[in-house]
Structures are given as C-alpha cells and as structure tokens.
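Inspection log for the structure reproduced underneath, given as structure tokens.
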Amino acid sequence: MFKLIFLLCLALPAFGANVPEWCRALPRPEYKTLERIPISDPWFEVYKVAPAVFAIYEPHQAEETIGYLILGNKRALLFDTGMGMSDLKKVTDRLTRLPIVVLNSHTHDDHVGDNWEFQTIYGRDTEFTRQNARGSREDAQAEIAPGQICGSLPKGFDPKSYATRPWKISAYIHDGQQLDLGGRTLQVLATPGHTPDAISLFDRAHGLLFTGDTYYPAPIWLYRPETDLRAYDASIRRLAALEPQVKIVLGAHNIPVASPSVLPRLVTAFEQVRAGRAPYTPDLAGNVIYHAGGFSFLMRPIASYR
C-alpha cells in the first residue's frame with residue numbers, strides 16, 4: 001500500500017513532472033511501524049497509535065493534517081476534524097459507535113474542516129474561535145492552490161465551492177478542565193502562541209500528550225498575525241515540564257508519534273531562534289525558516305518582532 005501511494009504521487013497527470021516536493025517524500029517511513037486500520041475512503045489513512053487511539057491522516061494535501069479519535073468507555077473525543085475535503089464522519093462511524101465530542105487543537109481552517117458534521121463541539125471562549133466558527137472560503141481555497149494536492153481529490157469534491165463550513169460551539173472549555181470519556185480522562189492545557197485558542201490534551205494515565213500545532217515534526221508556523229511568540233515560548237516550556245510523565249507526543253501534522261525528548265529540545269531550539277543565533281533560509285512573502293536543534297520555525301525575521 002505504501003508503494004502504491006508513492007507511485008500514485010509520481011504518476012499524477014495533473015502535475016506532470018511538477019510533483020510537489022513534499023509529495024515525493026511520501027510515504028513517510030515512520031508509518032511503517034504503526035498498525036494501519038483499513039477504511040474505504042482513500043483520502044484518509046487511519047493508524048492505531050496507542051490503545052483505543054486512532055490517528056486520522058490526510059496524506060494527499062500539503063498540510064498532512066492528523067486528527068485523533070480517542071475512545072473511552074462511554075464516549076469518544078475527536079481532536080481536530082481536518083480539511084473538510086472528504087467525509088470524516090463516515091470514517092469515525094467505522095471506528096466507533098460511541099457518541100463523539102469534537103474539540104479542536106485550535107481553529108485554523110485545516111483543523112476544523114469537518115466540524116459541521118458533528119453535533120457536539122467544544123471550543124475555547126475566545127473571539128478568534130468564534131470568528132473561525134463562521135467558516136472561511138479564502139483560507140480553504142488556499143489549501144487547494146497549485147502544489148497543495150498530491151494525487152486525486154476526493155470523489156465528488158467541488159474545488160470551486162470549497163470552503164470551511166460554519167459550525168456551532170456547544171460548550172466552552174477552560175484551561176485545566178478534565179474531560180471524562182469513561183475510563184479515560186483528558187486534561188485540557190491552554191497552550192496559546194500559534195493561535196490564541198491553541199490547546200494541548202494530556203492523557204496522564206497513559207502518558208499521551210496531544211500537542212496540536214504547538215509541536216509537530218515540520219516547520220512550525222509562527223508568522224501569522226494571531227501568533228504570539230512570548231505566549232508560544234511559555235506554552236512549550238509548560239509542555240516540556242511534563243516530559244517525565246509523557247510516553248508519546250502526538251502532533252497534528254506529518255507524523256503522529258514522537259519521543260517526549262522533543263519537548264525540552266524544542267524549548268532550547270526556540271531560545272536560539274529568539275536570541276538571533278539560528279541560521280535561516282528565505283521563504284515566501286518575506287518570511288524565513290529558522291533552523292535549530294533539528295527543528296524549524298516559519299516566521300517573520302526575528303528582528304521585526306523587536
């Protein structure tokens with residue numbers, strides 16, 4: 001299956017010889033160590049990453065988003081709903097019959113795309129969250145621009161009408177709140193910086209830390225107007241302090257599992273960036289990608305923050 005996906009990426013008539021570089025890197029080798037769960041929708045891939053925890057991966061779009069379905073005995077929590085390009089609810093219906101609560105790691109469009117399919121959605125009490133719950137066409141259209149798609153779009157998908165649909169917040173959650181799924185409790189950790197409403201989830205009993213976009217193994221986006229570098233620095237320090245209790249770190253893009261050792265190393269790398277000691281490469285729109293300690297950060301030039 002991995003070989004088939006790779007060959008599909010290289011044989012796309014839509015791209016010809018101009019296959020996006022990120023697509024050429026697929027399949028990512030780390031997935032070979034995970035148990036793959038068969039599903040019928042080729043837009044998604046599903047992997048069991050821990051007992052009763054499934055990573056729902058979208059490998060055919062450049063964000064390579066990953067949502068997590070976390071099962072308890074009485075209900076399940078879906079941490080992010082991805083791009084909204086195919087039918088995520090059909091996938092979750094295949095994985096569980098438990099009632100599902102949706103909670104987003106933050107409300108950028110690539111994490112809330114299928115929120116509208118679910119009845120119960122928890123959110124942070126921020127204006128950023130409420131604004132994004134109204135939906136967005138502009139942000140969604142940017143996700144299908146040239147170079148953003150690897151392979152075929154989902155059957156029945158209409159690129160011209162693609163937009164993040166509006167969704168309704170059922171209840172607000174707060175920092176430190178315990179979410180009881182029945183036999184499994186998740187603690188909400190406010191980790192702002194990437195966005196004002198960013199959160200992480202900690203399954204303390206099983207040592208699972210779901211970090212959203214606060215950490216993932218690719219250039220971490222810290223350049224948008226809603227980014228707060230001081231808040232981000234405080235958030236990654238908060239997560240690093242949990243390292244002795246963490247067994248697996250589960251980020252929201254590219255690869256779903258990482259060692260807890262990434263947490264203190266992320267703090268050190270970001271310190272180097274903020275101190276102006278990290279090399280960088282230019283990127284689009286005047287941004288740069290800083291490189292430090294095996295991490296990378298897509299930002300405005302650090303001098304512009306001072």
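Labels used: A, B, ... for chains in the order of the structure tokens, numbers from 1 for residues in each chain, and numbers from 1 for ligands as shown.
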
Show me a table, sorted first by chain and then by increasing residue number, of the residues of stretch 174-272 of chain A having an atom at most 9 Å from stretch 126-149 of chain A, each with its shortest atom pair and the distance in Å to one decimal, counting only C-alpha atoms and written as CSV.
```
residue,atom,partner,partner_atom,distance
A:Thr195,CA,A:Phe128,CA,8.2
A:Pro196,CA,A:Phe128,CA,6.9
A:Asp197,CA,A:Thr126,CA,6.5
A:Glu226,CA,A:Phe128,CA,8.5
```

When DSSP works through the backbone of this structure, what residues of stretch 18-181 of chain A end up as alpha helix (DSSP H), shown as a ChimeraX atom specification? /A:21-24,88-95,109-112,127-132,138-142

Of the candidates A:Gly151, A:Pro166, A:Gly212, A:Gly183, which shows the shortest atom-to-atom distance to A:Pro20, using only C-alpha atoms? A:Gly151

Spatial neighbours of A:Leu250, max dist 7 Å, only C-alpha atoms, sep filter under 4 positions, as a PyMOL selection string: chain A and resi 209-211+256-258

Hey, what's within 10 Å of A:Lys90 if we count only C-alpha atoms and toss same-chain stuff fewer than 6 positions away? As a PyMOL selection string, please? chain A and resi 39-41+117

Next, the residues of the selection above should be written as a tab-separated table (two decimals), in the first residue's frame with N, CA and C atoms.
```tsv
chain	number	residue	atom	x	y	z
A	39	ILE	N	-9.82	1.30	5.82
A	39	ILE	CA	-11.06	2.06	5.62
A	39	ILE	C	-11.29	2.16	4.12
A	40	SER	N	-12.50	2.56	3.73
A	40	SER	CA	-12.85	2.57	2.31
A	40	SER	C	-12.51	3.86	1.60
A	41	ASP	N	-12.35	4.96	2.33
A	41	ASP	CA	-12.11	6.27	1.72
A	41	ASP	C	-10.61	6.48	1.51
A	117	GLU	N	-20.03	18.40	10.61
A	117	GLU	CA	-20.66	17.08	10.55
A	117	GLU	C	-21.06	16.54	11.93
```

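Of the residues listed (A:Arg97, A:Arg306, A:Lys155, A:Arg75), A:Lys155 shows the shortest atom-to-atom separation from A:Pro42; distances use only C-alpha atoms.
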
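The shortest atom-to-atom distance to A:Arg124, with only C-alpha atoms taken into account, belongs to A:His174 out of A:His174, A:Arg277, A:His111, A:Lys247.
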
Residues within 7 Å of stretch 286-288 of chain A, only C-alpha atoms, excluding chain neighbours under 5 positions, as a PyMOL selection string: chain A and resi 280-281+298-301

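Minimum atom-to-atom distances from A:Thr65, A:Ser161, A:Ser105, A:Ser296 to A:Leu222 were compared using only C-alpha atoms, and the lowest value belongs to A:Ser296.
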